[in-house]
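Below is the file work-v8.txt, which contains compact mmCIF, C-alpha atoms and all ligand atoms.
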# COMPACT_ATOMS: atom_id res chain seq x y z
CA MET K 20 35.13 -0.88 -20.48
CA LEU K 21 35.74 1.36 -17.48
CA ASP K 22 32.82 3.50 -16.59
CA ALA K 23 33.04 6.79 -14.70
CA ALA K 24 30.59 5.54 -12.07
CA PRO K 25 30.27 1.79 -12.32
CA LEU K 26 27.53 0.14 -10.32
CA ILE K 27 29.63 -2.98 -9.86
CA ARG K 28 33.38 -3.27 -9.97
CA PHE K 29 35.60 -6.34 -9.68
CA SER K 30 39.24 -5.45 -9.10
CA GLN K 31 41.76 -8.24 -9.48
CA VAL K 32 39.28 -10.75 -8.05
CA SER K 33 40.50 -14.34 -7.76
CA LYS K 34 39.13 -17.55 -6.38
CA ARG K 35 41.38 -20.47 -5.59
CA TRP K 36 40.31 -23.85 -4.29
CA SER K 37 42.91 -26.21 -2.95
CA SER K 38 42.49 -28.24 -6.12
CA ALA K 39 42.14 -25.50 -8.73
CA THR K 40 41.96 -21.81 -9.52
CA ALA K 41 38.39 -21.03 -10.56
CA VAL K 42 38.80 -17.29 -11.27
CA ARG K 43 42.01 -15.39 -12.04
CA SER K 44 42.52 -11.65 -11.49
CA LEU K 45 39.18 -10.58 -12.83
CA ASP K 46 38.76 -6.88 -13.64
CA VAL K 47 35.24 -5.92 -14.69
CA SER K 48 33.16 -2.76 -14.38
CA ILE K 49 29.42 -2.82 -14.94
CA ALA K 50 27.32 0.28 -15.57
CA PRO K 51 23.78 0.68 -14.21
CA GLY K 52 21.03 -0.75 -16.39
CA GLN K 53 23.28 -3.14 -18.32
CA PHE K 54 22.29 -6.71 -19.10
CA VAL K 55 25.61 -8.50 -18.76
CA VAL K 56 25.94 -12.17 -19.62
CA LEU K 57 28.75 -14.30 -18.21
CA LEU K 58 29.16 -17.00 -20.83
CA GLY K 59 31.47 -19.97 -21.09
CA PRO K 60 31.76 -23.73 -20.98
CA SER K 61 31.23 -25.77 -17.84
CA GLY K 62 33.93 -25.09 -15.26
CA CYS K 63 35.13 -21.77 -16.69
CA GLY K 64 34.36 -19.94 -13.45
CA LYS K 65 31.20 -18.02 -14.31
CA SER K 66 29.09 -19.32 -11.40
CA THR K 67 31.94 -18.73 -8.99
CA THR K 68 32.18 -15.14 -10.24
CA LEU K 69 28.45 -14.63 -9.69
CA ARG K 70 28.55 -16.25 -6.27
CA MET K 71 31.44 -14.03 -5.18
CA LEU K 72 29.43 -10.99 -6.30
CA ALA K 73 26.43 -12.28 -4.33
CA GLY K 74 28.56 -12.88 -1.24
CA LEU K 75 27.84 -16.62 -1.29
CA GLU K 76 31.52 -17.40 -1.88
CA ALA K 77 34.50 -15.66 -0.27
CA VAL K 78 37.11 -14.19 -2.61
CA SER K 79 40.72 -15.41 -2.41
CA GLY K 80 42.05 -12.06 -3.59
CA GLY K 81 40.93 -8.69 -4.91
CA GLU K 82 37.95 -6.48 -4.12
CA ILE K 83 34.32 -6.14 -5.16
CA HIS K 84 32.60 -2.76 -5.06
CA ILE K 85 28.89 -2.15 -5.42
CA GLN K 86 27.69 1.44 -5.76
CA GLY K 87 31.08 2.64 -4.64
CA HIS K 88 31.10 0.57 -1.43
CA ASN K 89 33.62 -2.13 -0.81
CA VAL K 90 31.38 -5.18 -0.21
CA THR K 91 34.16 -7.76 -0.48
CA HIS K 92 33.62 -9.02 3.04
CA GLN K 93 29.95 -8.18 3.46
CA PRO K 94 27.25 -10.84 3.80
CA PRO K 95 24.77 -11.39 0.93
CA GLY K 96 21.94 -9.53 2.67
CA ALA K 97 23.97 -6.32 2.88
CA ARG K 98 24.73 -6.13 -0.86
CA GLY K 99 21.35 -5.01 -2.20
CA LEU K 100 21.01 -7.83 -4.73
CA SER K 101 18.32 -10.26 -5.73
CA MET K 102 19.03 -13.69 -7.18
CA VAL K 103 17.25 -16.13 -9.47
CA PHE K 104 18.60 -19.67 -9.55
CA GLN K 105 18.21 -22.56 -11.93
CA SER K 106 16.53 -24.56 -9.15
CA TYR K 107 13.96 -21.76 -8.53
CA ALA K 108 14.44 -22.29 -4.75
CA LEU K 109 10.72 -21.98 -3.95
CA PHE K 110 9.18 -22.96 -0.60
CA PRO K 111 6.87 -25.90 -1.40
CA HIS K 112 4.56 -25.31 1.57
CA LEU K 113 3.93 -21.65 0.70
CA SER K 114 1.51 -20.30 -1.90
CA VAL K 115 2.77 -18.43 -4.93
CA ALA K 116 1.83 -15.14 -3.24
CA ASP K 117 3.68 -16.02 -0.03
CA ASN K 118 6.71 -17.18 -1.95
CA ILE K 119 6.84 -13.89 -3.82
CA VAL K 120 6.48 -11.65 -0.75
CA PHE K 121 8.69 -13.81 1.49
CA GLY K 122 11.63 -11.43 1.37
CA LEU K 123 9.46 -8.38 1.95
CA ARG K 124 7.98 -10.03 5.00
CA SER K 125 11.40 -10.75 6.48
CA ARG K 126 12.32 -7.13 5.79
CA LYS K 127 9.18 -6.13 7.71
CA VAL K 128 7.61 -4.26 4.83
CA PRO K 129 4.06 -3.29 5.96
CA LYS K 130 1.22 -5.54 4.80
CA ALA K 131 -0.58 -2.93 2.70
CA GLU K 132 2.60 -2.15 0.76
CA ARG K 133 3.32 -5.86 0.31
CA ARG K 134 -0.13 -6.37 -1.20
CA GLU K 135 0.23 -3.47 -3.53
CA ARG K 136 3.67 -4.55 -4.76
CA LEU K 137 2.52 -8.17 -5.11
CA ALA K 138 -0.42 -7.20 -7.31
CA LYS K 139 1.81 -5.12 -9.56
CA VAL K 140 4.58 -7.71 -9.92
CA ALA K 141 2.18 -10.65 -10.35
CA GLU K 142 0.63 -8.86 -13.27
CA MET K 143 4.02 -8.11 -14.78
CA VAL K 144 5.00 -11.78 -14.85
CA ASP K 145 1.51 -13.04 -15.63
CA LEU K 146 0.87 -14.89 -12.38
CA THR K 147 -2.20 -13.07 -11.09
CA ALA K 148 -4.42 -16.11 -11.62
CA TYR K 149 -2.07 -18.42 -9.74
CA LEU K 150 -1.36 -16.56 -6.51
CA ASP K 151 -3.12 -19.09 -4.26
CA ARG K 152 -1.52 -22.19 -5.77
CA LYS K 153 1.34 -24.16 -4.28
CA PRO K 154 4.49 -24.49 -6.43
CA ALA K 155 3.86 -28.23 -6.97
CA LYS K 156 0.78 -27.33 -9.01
CA LEU K 157 2.64 -25.03 -11.37
CA SER K 158 4.43 -25.73 -14.64
CA GLY K 159 8.21 -25.25 -14.86
CA GLY K 160 7.76 -21.92 -16.62
CA GLN K 161 5.31 -20.69 -13.98
CA ARG K 162 7.71 -21.67 -11.20
CA GLN K 163 10.44 -19.75 -12.93
CA ARG K 164 8.10 -16.75 -13.07
CA VAL K 165 7.57 -16.99 -9.31
CA ALA K 166 11.34 -16.92 -8.80
CA LEU K 167 11.56 -13.94 -11.14
CA ALA K 168 8.70 -12.15 -9.37
CA ARG K 169 10.44 -12.64 -6.05
CA ALA K 170 13.54 -10.95 -7.43
CA VAL K 171 11.62 -8.12 -9.06
CA ILE K 172 9.46 -7.36 -6.02
CA SER K 173 12.56 -6.77 -3.88
CA GLU K 174 13.24 -3.66 -6.00
CA HIS K 175 16.96 -4.20 -5.60
CA PRO K 176 18.71 -2.47 -8.47
CA ILE K 177 20.87 -5.52 -9.26
CA CYS K 178 19.57 -8.97 -10.12
CA LEU K 179 21.84 -11.98 -10.46
CA MET K 180 20.64 -14.94 -12.49
CA ASP K 181 22.40 -18.31 -12.62
CA GLU K 182 21.23 -20.46 -15.55
CA PRO K 183 17.61 -19.55 -14.75
CA LEU K 184 16.14 -21.19 -17.84
CA SER K 185 18.01 -24.49 -18.05
CA ASN K 186 15.14 -26.53 -16.63
CA LEU K 187 12.66 -25.35 -19.23
CA ASP K 188 11.91 -26.80 -22.64
CA ALA K 189 13.11 -25.02 -25.76
CA ARG K 190 9.85 -23.24 -26.56
CA LEU K 191 9.38 -21.91 -23.05
CA ARG K 192 13.02 -20.87 -22.87
CA SER K 193 12.58 -18.73 -25.90
CA ASP K 194 9.45 -17.06 -24.44
CA MET K 195 11.17 -16.51 -21.10
CA ARG K 196 14.24 -15.00 -22.77
CA ARG K 197 12.05 -12.34 -24.29
CA ASP K 198 10.08 -11.79 -21.08
CA ILE K 199 13.16 -11.42 -18.88
CA LYS K 200 14.79 -9.05 -21.32
CA ALA K 201 11.62 -6.94 -21.60
CA LEU K 202 11.20 -6.81 -17.82
CA GLN K 203 14.82 -5.82 -17.33
CA ALA K 204 14.52 -3.01 -19.86
CA ARG K 205 11.23 -1.82 -18.44
CA LEU K 206 12.50 -1.73 -14.85
CA GLY K 207 15.99 -0.51 -15.73
CA MET K 208 17.47 -3.35 -13.66
CA THR K 209 21.12 -4.27 -13.88
CA VAL K 210 21.25 -7.98 -14.61
CA ILE K 211 24.24 -10.27 -14.40
CA TYR K 212 23.23 -13.48 -16.09
CA VAL K 213 25.23 -16.70 -16.11
CA THR K 214 24.75 -19.21 -18.90
CA HIS K 215 26.63 -21.66 -21.07
CA ASP K 216 24.01 -21.20 -23.79
CA GLN K 217 25.24 -18.97 -26.60
CA VAL K 218 21.70 -18.32 -27.83
CA GLU K 219 20.73 -16.84 -24.45
CA ALA K 220 23.88 -14.78 -24.40
CA MET K 221 23.47 -13.45 -27.92
CA SER K 222 19.75 -12.72 -27.64
CA MET K 223 19.68 -11.19 -24.15
CA GLY K 224 23.02 -9.57 -23.44
CA ASP K 225 23.85 -5.93 -24.05
CA ARG K 226 27.28 -7.16 -23.27
CA VAL K 227 28.72 -10.67 -23.19
CA ILE K 228 31.72 -11.60 -21.10
CA LEU K 229 33.11 -14.83 -22.49
CA MET K 230 35.22 -16.80 -20.00
CA GLN K 231 37.61 -19.70 -20.31
CA HIS K 232 39.78 -21.22 -17.55
CA GLY K 233 38.79 -18.51 -15.05
CA GLU K 234 39.76 -15.64 -17.32
CA ILE K 235 37.96 -13.25 -19.64
CA VAL K 236 38.52 -14.16 -23.27
CA GLN K 237 36.38 -11.37 -24.70
CA ASP K 238 34.13 -8.67 -23.28
CA ALA K 239 32.01 -7.31 -26.10
CA THR K 240 28.56 -6.79 -27.58
CA PRO K 241 26.95 -9.89 -29.13
CA GLY K 242 27.62 -8.47 -32.58
CA GLU K 243 31.32 -7.91 -31.91
CA LEU K 244 31.66 -11.34 -30.40
CA TYR K 245 30.20 -12.92 -33.51
CA ASN K 246 31.86 -10.76 -36.12
CA GLN K 247 35.24 -10.19 -34.49
CA PRO K 248 35.94 -13.12 -32.19
CA ALA K 249 39.10 -12.34 -30.24
CA THR K 250 40.48 -15.87 -30.22
CA THR K 251 39.93 -19.22 -31.89
CA PHE K 252 38.11 -20.29 -28.70
CA ALA K 253 35.65 -17.38 -29.03
CA ALA K 254 35.31 -18.12 -32.74
CA SER K 255 34.38 -21.72 -32.14
CA PHE K 256 32.21 -21.14 -29.03
CA ILE K 257 29.78 -18.75 -30.72
CA GLY K 258 27.86 -19.84 -33.79
CA SER K 259 26.15 -23.07 -34.75
CA PRO K 260 27.62 -24.90 -36.49
CA ALA K 261 30.88 -23.50 -35.20
CA MET K 262 33.22 -21.43 -37.37
CA ASN K 263 35.37 -23.59 -39.66
CA LEU K 264 38.97 -23.33 -38.49
CA LEU K 265 41.69 -24.45 -40.84
CA PRO K 266 45.35 -24.56 -39.96
CA LEU K 267 47.47 -22.07 -41.82
CA ALA K 268 50.51 -23.81 -43.04
CA GLU K 269 53.35 -22.31 -45.01
CA GLY K 270 51.57 -23.14 -48.23
CA LEU K 271 48.52 -21.03 -47.49
CA GLU K 272 50.64 -18.10 -46.40
CA ALA K 273 52.31 -18.32 -49.70
CA ALA K 274 48.94 -18.61 -51.41
CA ILE K 275 47.75 -15.51 -49.60
CA ILE K 276 50.70 -13.59 -50.86
CA GLU K 277 50.07 -15.00 -54.25
CA GLY K 278 46.54 -13.57 -54.17
CA VAL K 279 47.85 -10.08 -53.45
CA PRO K 280 51.28 -9.93 -55.03
CA GLU K 281 52.20 -6.41 -53.87
CA THR K 282 51.52 -7.02 -50.18
CA PRO K 283 54.55 -7.21 -47.92
CA VAL K 284 55.61 -10.64 -46.81
CA ALA K 285 56.87 -9.85 -43.32
CA PRO K 286 53.62 -9.73 -41.27
CA LEU K 287 52.52 -13.06 -42.66
CA ALA K 288 55.55 -14.80 -41.32
CA ALA K 289 54.07 -14.38 -37.83
CA ALA K 290 50.59 -15.30 -38.95
CA THR K 291 50.95 -19.03 -38.97
CA GLY K 292 47.91 -20.14 -37.04
CA GLN K 293 44.39 -20.61 -38.19
CA LEU K 294 42.05 -19.29 -40.79
CA GLY K 295 38.37 -19.12 -39.78
CA VAL K 296 35.31 -18.92 -41.99
CA ARG K 297 31.73 -19.15 -40.75
CA PRO K 298 29.59 -21.85 -42.40
CA GLU K 299 27.16 -19.26 -43.78
CA ASP K 300 30.03 -17.40 -45.45
CA ILE K 301 31.10 -20.39 -47.52
CA THR K 302 29.88 -20.67 -51.06
CA LEU K 303 30.00 -23.87 -53.06
CA ARG K 304 30.95 -23.85 -56.70
CA GLY K 305 31.38 -26.30 -59.48
CA SER K 306 34.62 -28.21 -59.61
CA GLY K 307 35.78 -26.22 -62.66
CA GLU K 308 35.49 -22.88 -60.85
CA PRO K 309 37.98 -21.11 -58.58
CA GLY K 310 38.25 -22.18 -54.98
CA ILE K 311 39.65 -24.92 -52.80
CA PRO K 312 38.81 -28.44 -54.01
CA ALA K 313 36.34 -30.26 -51.79
CA THR K 314 34.23 -33.41 -51.74
CA VAL K 315 30.72 -33.67 -50.31
CA ILE K 316 30.45 -35.99 -47.30
CA SER K 317 26.77 -35.49 -46.48
CA ASP K 318 23.94 -32.99 -46.35
CA GLU K 319 21.98 -32.26 -43.20
CA TYR K 320 18.58 -30.65 -43.72
CA LEU K 321 17.50 -28.45 -40.80
CA GLY K 322 14.32 -26.88 -42.13
CA ALA K 323 15.28 -23.27 -42.78
CA ASP K 324 18.68 -24.30 -44.10
CA THR K 325 20.95 -27.20 -44.91
CA ILE K 326 24.42 -27.91 -43.55
CA ILE K 327 26.71 -29.45 -46.16
CA HIS K 328 29.60 -31.41 -44.68
CA LEU K 329 32.62 -31.38 -46.96
CA ALA K 330 36.02 -33.00 -46.97
CA VAL K 331 38.76 -30.50 -47.77
CA GLY K 332 41.99 -32.44 -47.71
CA HIS K 333 41.79 -34.27 -44.39
CA HIS K 334 39.63 -31.57 -42.76
CA THR K 335 35.88 -31.29 -42.53
CA VAL K 336 34.35 -27.98 -43.57
CA LYS K 337 30.71 -27.12 -42.97
CA ALA K 338 28.76 -24.85 -45.28
CA ARG K 339 25.33 -23.49 -44.40
CA LEU K 340 23.08 -23.06 -47.40
CA ALA K 341 19.60 -21.52 -47.29
CA GLY K 342 16.58 -23.77 -47.74
CA ARG K 343 16.62 -27.42 -48.69
CA GLN K 344 19.69 -28.50 -50.62
CA THR K 345 20.64 -31.97 -51.61
CA MET K 346 24.16 -32.92 -52.59
CA ALA K 347 25.17 -36.48 -53.28
CA PRO K 348 28.09 -37.84 -51.25
CA ASP K 349 31.41 -37.80 -53.12
CA THR K 350 30.38 -34.91 -55.39
CA ALA K 351 33.47 -32.90 -56.25
CA CYS K 352 33.14 -29.12 -55.86
CA LYS K 353 35.06 -26.02 -54.79
CA VAL K 354 34.65 -24.00 -51.60
CA ALA K 355 35.19 -20.26 -51.64
CA TRP K 356 34.41 -17.17 -49.59
CA GLN K 357 34.69 -13.43 -49.84
CA PRO K 358 38.01 -12.08 -48.54
CA GLN K 359 36.24 -10.05 -45.84
CA ALA K 360 34.60 -13.23 -44.46
CA ALA K 361 37.97 -14.68 -43.45
CA HIS K 362 39.14 -14.44 -39.84
CA LEU K 363 42.83 -14.88 -39.22
CA PHE K 364 44.30 -16.07 -35.95
CA GLY K 365 47.97 -16.21 -35.00
CA SER K 366 49.71 -19.27 -33.68
CA ASP K 367 48.79 -18.10 -30.15
CA GLY K 368 45.10 -18.33 -31.14
CA LYS K 369 44.63 -14.55 -31.02
CA ARG K 370 42.84 -12.59 -33.72
CA ARG K 371 45.13 -10.84 -36.23
CA ASP K 372 43.17 -7.92 -37.63
CA ASP K 373 46.40 -6.45 -38.88
CA LEU K 374 46.24 -9.05 -41.61
CA ALA K 375 42.79 -8.04 -42.79
CA PRO K 376 44.05 -6.37 -45.98
CA TYR K 377 45.29 -9.69 -47.28
CA ASN K 378 43.14 -11.52 -49.69
CA LEU K 379 42.82 -14.71 -47.73
CA MET K 380 40.88 -16.68 -50.21
CA PRO K 381 41.04 -16.84 -53.92
CA ASP K 382 37.61 -15.39 -54.63
CA MET K 383 38.76 -14.08 -57.95
CA PRO K 384 38.50 -15.05 -61.56
CA GLY K 385 40.74 -17.71 -62.98
CA ASP K 386 41.84 -21.07 -61.72
CA VAL K 387 43.66 -20.16 -58.56
CA ASP K 388 45.00 -23.60 -57.88
CA ALA K 389 46.65 -23.69 -61.25
CA ARG K 390 48.08 -20.28 -60.56
CA VAL K 391 49.38 -21.07 -57.12
CA VAL K 392 50.54 -24.62 -57.25
CA PRO K 393 53.27 -24.50 -59.86
CA ARG K 394 55.15 -21.76 -58.03
CA LEU K 395 54.50 -23.11 -54.55
CA PRO K 396 55.34 -26.77 -54.24
CA ASN K 397 54.42 -26.80 -50.56
CA VAL K 398 50.80 -25.89 -51.30
CA GLY K 399 50.33 -29.63 -51.61
CA SER K 400 51.41 -30.06 -48.02
CA PHE K 401 49.19 -27.24 -46.77
CA SER K 402 47.24 -29.13 -44.22
CA ILE K 403 43.72 -28.69 -45.47
N1 LIG R 501 33.30 -25.78 -3.87
C1 LIG R 501 34.27 -26.04 -4.74
N2 LIG R 501 35.39 -26.69 -4.38
C2 LIG R 501 36.39 -26.94 -5.25
N3 LIG R 501 36.37 -26.57 -6.55
C3 LIG R 501 35.27 -25.93 -6.99
C4 LIG R 501 34.16 -25.64 -6.12
N4 LIG R 501 33.23 -24.98 -6.84
C5 LIG R 501 33.71 -24.89 -8.09
N5 LIG R 501 34.93 -25.45 -8.18
C6 LIG R 501 35.78 -25.51 -9.39
O1 LIG R 501 35.97 -24.20 -9.87
C7 LIG R 501 35.91 -24.18 -11.29
C8 LIG R 501 34.86 -23.20 -11.75
O2 LIG R 501 33.59 -23.63 -11.36
P1 LIG R 501 32.27 -22.83 -11.69
O3 LIG R 501 31.11 -23.54 -11.04
O4 LIG R 501 32.44 -21.41 -11.38
O5 LIG R 501 32.18 -23.00 -13.25
P2 LIG R 501 31.00 -22.68 -14.22
O6 LIG R 501 31.63 -22.01 -15.37
O7 LIG R 501 29.92 -21.96 -13.55
O8 LIG R 501 30.53 -24.11 -14.66
P3 LIG R 501 29.06 -24.75 -14.70
O9 LIG R 501 28.39 -24.18 -15.91
O10 LIG R 501 29.33 -26.22 -14.84
O11 LIG R 501 28.39 -24.39 -13.40
C9 LIG R 501 35.67 -25.60 -11.72
O12 LIG R 501 36.89 -26.17 -12.08
C10 LIG R 501 35.08 -26.26 -10.51
O13 LIG R 501 35.39 -27.63 -10.48

Can you present the structure in this file as structure tokens?
Amino acid sequence: MLDAAPLIRFSQVSKRWSSATAVRSLDVSIAPGQFVVLLGPSGCGKSTTLRMLAGLEAVSGGEIHIQGHNVTHQPPGARGLSMVFQSYALFPHLSVADNIVFGLRSRKVPKAERRERLAKVAEMVDLTAYLDRKPAKLSGGQRQRVALARAVISEHPICLMDEPLSNLDARLRSDMRRDIKALQARLGMTVIYVTHDQVEAMSMGDRVILMQHGEIVQDATPGELYNQPATTFAASFIGSPAMNLLPLAEGLEAAIIEGVPETPVAPLAAATGQLGVRPEDITLRGSGEPGIPATVISDEYLGADTIIHLAVGHHTVKARLAGRQTMAPDTACKVAWQPQAAHLFGSDGKRRDDLAPYNLMPDMPGDVDARVVPRLPNVGSFSI
């Protein structure tokens, strides 16, 4: 995603500790006005990446450019960034107003201008009624708004946020997600936002950079990440419940070919890996219908939908059905899905879109098992 004039550019940036490598040869360009989420599990290097961009952590290799300037060795104050942390980092002895204008004061912005900017920003984040309070007398959400106001009032074009909502309860998090996104769009800020929460990433990001072991796994829009996960890791990290991943053994490859008799065999030889299907793409059918035989383990009612846990061979498959569904344990049924709902991954875990034309699941009339099994004795050993 190289942009002609990126606002931020990481070139081959690495961070090594004596004990571990946190970030490996990162190349990323970010255009002005983007809301970019760095997403990944704990320890994947997202905070380190953000801290290197902020100048709070020295790089071990590579360069960082902001607005065309090499800032790799510049202190945080010279980089033109604001930051919002999980801990809020408010001064307890200062009022909300003084906390918000603190940075402006140190930059010697005249009092009249400070007042004017404070009034505007306080209104934006709904804090006008609380300006005289001390942080201790605020709720968690209000404290987070103070931290946000402090970033916004600086008028720096880039705002870095490190898990800013993790201390809030679920309801407030959802409100704040919307507020932050709306504020970012309204002000045209470029936001780099670190989180391990896929819901935040999917709902806020224009672009999500998914990291694992200090490297980028996928850099895509939320929709691409969900619909075309680049690896089995991406497939299982996004989505709740996670995508079902079933090992592709020789038997299934053969079954795939069986479903589409004219398709060439050669590409499938390299396909041995995993087959992924999202829980909402699974349909359940009666045991006499086509599909893979399954047995109900349990049903889990979640309100808007129900997750059915199924045993398919010695694997567990989850199906998400709308509304309230009850299925007695041990009920025999069949699982099936539309061919286009199947995601295929090679043995290296990477997505294999070249295999998309294959009919990966017998969603067709007739008893597929009966059709496949007699000619393919190893279907029985296919590991699902
Ligand atoms: N100061 C440090 N000294 C040594 N190793 C560190 C230091 N800071 C981070 N690391 C290591 O670098 C790796 C990446 O850490 P980082 O904090 O960037 O991950 P993260 O993805 O932000 O995780 P989290 O969500 O838990 O904060 C981890 O293995 C971590 O243990």

Nearby residues, ligand LIG 501 (chain R), 8 Å, only C-alpha atoms and all ligand atoms, as a ChimeraX atom specification: /K:35-42,58-68,213-215,230,232-233

Between atom CA of K:Asp181 and atom CA of K:Leu167, distance in Å (one decimal):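 According to the coordinates, atom CA of K:Asp181 and atom CA of K:Leu167 are separated by 11.8 Å.
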
Option closest in space to K:Val227, from K:Leu265, K:Ile257, K:Ile199, K:Ala355 [counting all atoms listed in the file]: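 Using all atoms listed in the file, the shortest distance to K:Val227 belongs to K:Ile257.
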
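Counting all atoms listed in the file, stretch 326-337 of chain K has the following residues at most 8 Å away, ignoring those fewer than 4 positions along the same chain: Pro260, Asn263, Leu265, Pro298, Ile311, Pro312, Ala313, Thr314, Val315, Ile316, Ser317, Asp318, Glu319, Tyr320, Leu321, Met346, Ser402 and Ile403 of chain K.
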
Interatomic distance, atom CA of K:Phe121 to atom CA of K:Leu146 (Å, one decimal): 16.0 Å

Please complete stretch 211-222 of chain K so it has N, CA and C atoms, and hand it over as an mmCIF file, keeping the file's coordinate frame.
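The new file result_5.cif reads:
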data_model
loop_
_atom_site.group_PDB
_atom_site.id
_atom_site.type_symbol
_atom_site.label_atom_id
_atom_site.label_comp_id
_atom_site.auth_asym_id
_atom_site.auth_seq_id
_atom_site.Cartn_x
_atom_site.Cartn_y
_atom_site.Cartn_z
ATOM 1 N N ILE K 211 23.060 -9.471 -14.091
ATOM 2 C CA ILE K 211 24.240 -10.270 -14.400
ATOM 3 C C ILE K 211 23.732 -11.696 -14.540
ATOM 4 N N TYR K 212 23.928 -12.259 -15.712
ATOM 5 C CA TYR K 212 23.230 -13.480 -16.090
ATOM 6 C C TYR K 212 24.255 -14.530 -16.501
ATOM 7 N N VAL K 213 24.263 -15.641 -15.788
ATOM 8 C CA VAL K 213 25.230 -16.700 -16.110
ATOM 9 C C VAL K 213 24.584 -17.769 -16.991
ATOM 10 N N THR K 214 25.256 -18.117 -18.050
ATOM 11 C CA THR K 214 24.750 -19.210 -18.900
ATOM 12 C C THR K 214 25.892 -19.829 -19.701
ATOM 13 N N HIS K 215 25.671 -21.091 -20.126
ATOM 14 C CA HIS K 215 26.630 -21.660 -21.070
ATOM 15 C C HIS K 215 25.997 -21.715 -22.460
ATOM 16 N N ASP K 216 24.783 -21.117 -22.557
ATOM 17 C CA ASP K 216 24.010 -21.200 -23.790
ATOM 18 C C ASP K 216 24.249 -19.938 -24.632
ATOM 19 N N GLN K 217 24.895 -20.123 -25.754
ATOM 20 C CA GLN K 217 25.240 -18.970 -26.600
ATOM 21 C C GLN K 217 24.014 -18.242 -27.121
ATOM 22 N N VAL K 218 22.911 -18.971 -27.314
ATOM 23 C CA VAL K 218 21.700 -18.320 -27.830
ATOM 24 C C VAL K 218 21.162 -17.336 -26.791
ATOM 25 N N GLU K 219 21.157 -17.752 -25.516
ATOM 26 C CA GLU K 219 20.730 -16.840 -24.450
ATOM 27 C C GLU K 219 21.645 -15.625 -24.410
ATOM 28 N N ALA K 220 22.925 -15.879 -24.490
ATOM 29 C CA ALA K 220 23.880 -14.780 -24.400
ATOM 30 C C ALA K 220 23.688 -13.794 -25.553
ATOM 31 N N MET K 221 23.570 -14.314 -26.751
ATOM 32 C CA MET K 221 23.470 -13.450 -27.920
ATOM 33 C C MET K 221 22.138 -12.694 -27.937
ATOM 34 N N SER K 222 21.059 -13.358 -27.503
ATOM 35 C CA SER K 222 19.750 -12.720 -27.640
ATOM 36 C C SER K 222 19.428 -11.794 -26.474
#
